[in-house]
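As structure tokens, the structure follows; a few thoughts come after it.
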Amino acid sequence: MIAGSLTPLVELIARQVERLRSIDADLARLDEGALVRALAASEARRETPERREDLLVGLDRLRALEDERAQSFHRLLEAEHLLRRAVELGLEVRDDAAEHERRVAQALHELGAG
């Protein structure tokens with residue numbers, strides 16, 4: 001009962017984890033230090049701005065990925081919080097009639113065993 005209602009949250013968490021893996025793979029291909037050093041070397045050689053364009057695009061891509069990664073982590077933490085809260089609320093739900101039936105059955109079982 002509770003597990004079925006949690007499925008959308010679990011799927012959201014799985015999507016965020018997969019997106020984080022994808023972002024991490026993209027970030028692994030971009031070396032910020034190498035880009036900055038190459039940009040500094042290009043500027044020191046007084047190359048034209050067009051020659052630095054790819055380096056600047058790479059740095060922009062790196063920053064965008066880092067921002068997206070931070071947003072994905074935030075969504076992941078929010079989903080985790082919602083999942084915990086949903087479980088806590090689900091565990092607090094009580095069906096008084098079912099509880100009564102359970103206790104009556106338990107009493108009858110104990111009386112029958114004695």
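Simple scheme: letters A, B, ... for chains in structure tokens order, numbers from 1 for residues in each chain, numbers from 1 for ligands in the order shown.
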
Per-residue nearest contacts range 30-52 of chain A to range 63-83 of chain A, cut-off 12 Å, using only C-alpha atoms, as a Markdown table:
```
| residue | atom | partner | partner_atom | distance |
| --- | --- | --- | --- | --- |
| A:Leu30 | CA | A:Leu65 | CA | 10.0 |
| A:Asp31 | CA | A:Arg63 | CA | 11.6 |
| A:Glu32 | CA | A:Arg63 | CA | 9.5 |
```

Would you kindly return, as a ChimeraX atom specification, each protein, DNA or RNA residue with an atom no farther than 10 Å from any atom of Leu56 in chain A, considering only C-alpha atoms and excluding same-chain residues fewer than 6 positions away? /A:35-36,39,49-50,62

Mind checking which residues fall within 12 Å of Ala34 in chain A, counting only C-alpha atoms, ignoring those fewer than 5 positions away in the same chain, and posting them as a list of chain:residue names?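 Returned residues: A:Arg29, A:Leu39, A:Ala40, A:Ala41, A:Leu55, A:Leu56, A:Gly58, A:Leu59.
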
May I ask for the distance between CA of Ala105 in chain A and CA of Glu92 in chain A, given in Å to one decimal place? 22.3 Å
